[in-house]
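Working notes, structure below.
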Amino acid sequence: MIRYRQVYKAFDYPVLAGVDMEVESGEMFALFGPSGTGKSVLLKTTIGLVVPDRGDVELAGISVFYGEDGDLARVRRKVGYVFQHAALFDSLNVFDNVCTGIPEDQLGREGDRECARRVWRALELVNLEPRQVLSKIPSELSGGMQKRVGIARAIVGRPEVLLWDEPTTGLDPVNTAAVERLIKRLSMELEVTSLLVTHDVEGGLEIGDRVAMLDEGTLRFCGTPEEFRSSTDPKVRAFHDRAAAEAALDQLTE
């Protein structure tokens, strides 16, 4: 479903140094790596939010950067994107925020009633009671509820692919676990391909069909969660052990 082909990107310093990676159709795929190693940058190349210096990304066989006119728009219609900090519009209520996730061509074909029905259903899927939240603005919601509204916006357009950019950032361990269960459930119920960038390694290992690790802009590991846990690669081993220690410390300090 998603193919990264020799993706290079530098800003003030190299971030991605030739990433080759494939995500299969219907797969729940988790991507790990130290801070600053290019995980979110790679995710953003998937829909052209970041343009690589070299290389290409293909989604459902469509080239993101070397396709024909209109191909990028077709790619974006297939994708729902969950941003790291929810990225809701402060001045819009929940209904209008979620409604922005419906592609314009669909809005033009469907009446107001159908759009409202889709927003209502999306909120129910993320375990929010529509009657209680539809008219609220983001500042009236908790951090966890804002995350769920952001997820509802991503799924309301009926995507084939969901991209998750650190969706549990800023959440306590209990809410982190709840959001990860929601990610897994939605990916299965909606029958979508999910690519999850996360700092919660243990959570990603629990819900991922396959996982990968970026290190210094290159793909250091790609395989099953079991293979990741048993890897003898010293960098993979050190990263996993450090992440496990940090997670244990977080549990103790809550």
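Convention: chains lettered A, B, ... in structure tokens order; per-chain residue numbering from 1; ligands numbered from 1 as shown.
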
Item to check | Expected answer as number ranges by chain: helix (DSSP H, G or I) residues in range 4-141 of chain A | outcome: A: 39-45, 71-77, 94-99, 104-109, 112-125, 130-133, 138-140

Checklist entry - Can you tell me, as a PyMOL selection string, what residues are no more than 8 Å from range 199-205 of chain A when counting only C-alpha atoms, ignoring any on the same chain fewer than 6 positions away? => result chain A and resi 30-33+166+168-169+177+180+211+225+240+243-244+247

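Between Gly48 in chain A and the candidates A:Ile155, A:Phe29, A:Trp120, A:Leu72, the tightest atom-to-atom separation, counting only C-alpha atoms, involves A:Leu72.
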
Item to check | Proximity to Met213 in chain A - best of A:Thr232, A:Phe239, A:Glu104, A:Ile183, only C-alpha atoms | outcome: A:Phe239

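Compared by their closest atoms to Gly101 in chain A, and using only C-alpha atoms, the residues A:Val156, A:Ile62, A:Leu49, A:Leu171 rank with A:Val156 nearest.
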
Contact check, range 147-190 of chain A to range 2-14 of chain A, at most 12 Å, counting only C-alpha atoms, closest pairs as a Markdown table:
| residue | atom | partner | partner_atom | distance |
| --- | --- | --- | --- | --- |
| A:Glu160 | CA | A:Ile2 | CA | 11.1 |
| A:Val161 | CA | A:Ile2 | CA | 9.0 |
| A:Leu162 | CA | A:Ile2 | CA | 11.1 |
| A:Leu163 | CA | A:Ile2 | CA | 10.9 |

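With distances restricted to only C-alpha atoms, A:Met21 is the closest residue to Val57 in chain A from A:Val82, A:Met21, A:Leu128, A:Ala154.
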
Checklist outcome for this item: Restricting to only C-alpha atoms, whichever of A:Val51, A:Glu22, A:Pro159, A:Arg153 is closest to Glu124 in chain A is A:Arg153

Item to check | Asp96 in chain A surroundings by only C-alpha atoms, 10 Å radius, close-in-sequence under 2 positions cut, as a PyMOL selection string | outcome: chain A and resi 88-89+91-94+98-101+116+119+134-135+137+153

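CA of Pro34 in chain A is positioned 19.8 Å from CA of Val50 in chain A.
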
DSSP on the backbone: what in range 61-112 of chain A comes out strand (DSSP E or B), as a JSON list (two decimals) with N, CA and C atoms, in the first residue's frame?
[["chain", "number", "residue", "atom", "x", "y", "z"],
["A", 62, "ILE", "N", 0.38, 4.89, -6.73],
["A", 62, "ILE", "CA", 0.44, 6.25, -7.28],
["A", 62, "ILE", "C", 1.68, 6.96, -6.74],
["A", 63, "SER", "N", 2.48, 7.52, -7.63],
["A", 63, "SER", "CA", 3.66, 8.27, -7.21],
["A", 63, "SER", "C", 3.22, 9.60, -6.60],
["A", 79, "VAL", "N", -6.17, 9.13, 2.30],
["A", 79, "VAL", "CA", -5.43, 9.11, 3.57],
["A", 79, "VAL", "C", -6.12, 9.95, 4.63],
["A", 80, "GLY", "N", -6.16, 9.42, 5.84],
["A", 80, "GLY", "CA", -6.52, 10.20, 7.03],
["A", 80, "GLY", "C", -5.28, 10.40, 7.86],
["A", 81, "TYR", "N", -5.05, 11.63, 8.34],
["A", 81, "TYR", "CA", -3.80, 11.97, 9.04],
["A", 81, "TYR", "C", -4.13, 12.42, 10.45],
["A", 82, "VAL", "N", -3.55, 11.75, 11.43],
["A", 82, "VAL", "CA", -3.73, 12.12, 12.84],
["A", 82, "VAL", "C", -2.47, 12.84, 13.30]]

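For His85 in chain A, the residues within 10 Å (counting only C-alpha atoms, excluding itself and residues fewer than 6 positions away along the chain) are Gly143, Gln146, Lys147, Gly150, Asp165, Glu166, Pro167, Thr168, Thr169 and Gly170 of chain A.
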
Just write the chosen residues, C-alpha atoms, as a short mmCIF file (atom, residue, chain, number, x, y, z; two decimals), in the first residue's frame.
data_model
loop_
_atom_site.label_atom_id
_atom_site.label_comp_id
_atom_site.auth_asym_id
_atom_site.auth_seq_id
_atom_site.Cartn_x
_atom_site.Cartn_y
_atom_site.Cartn_z
CA GLY A 143 -6.33 16.55 26.13
CA GLN A 146 -9.01 16.52 21.76
CA LYS A 147 -6.95 13.57 20.57
CA GLY A 150 -8.52 14.62 15.84
CA ASP A 165 2.02 10.94 14.08
CA GLU A 166 2.84 10.36 17.77
CA PRO A 167 -0.88 10.22 18.73
CA THR A 168 -0.20 9.54 22.42
CA THR A 169 2.22 12.43 23.02
CA GLY A 170 1.36 14.27 26.24
#

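Remark: for Leu42 in chain A, the closest of the candidate residues A:Gly144, A:Pro130, A:Gly26, A:Gly18 is A:Gly18 (distances computed over only C-alpha atoms).
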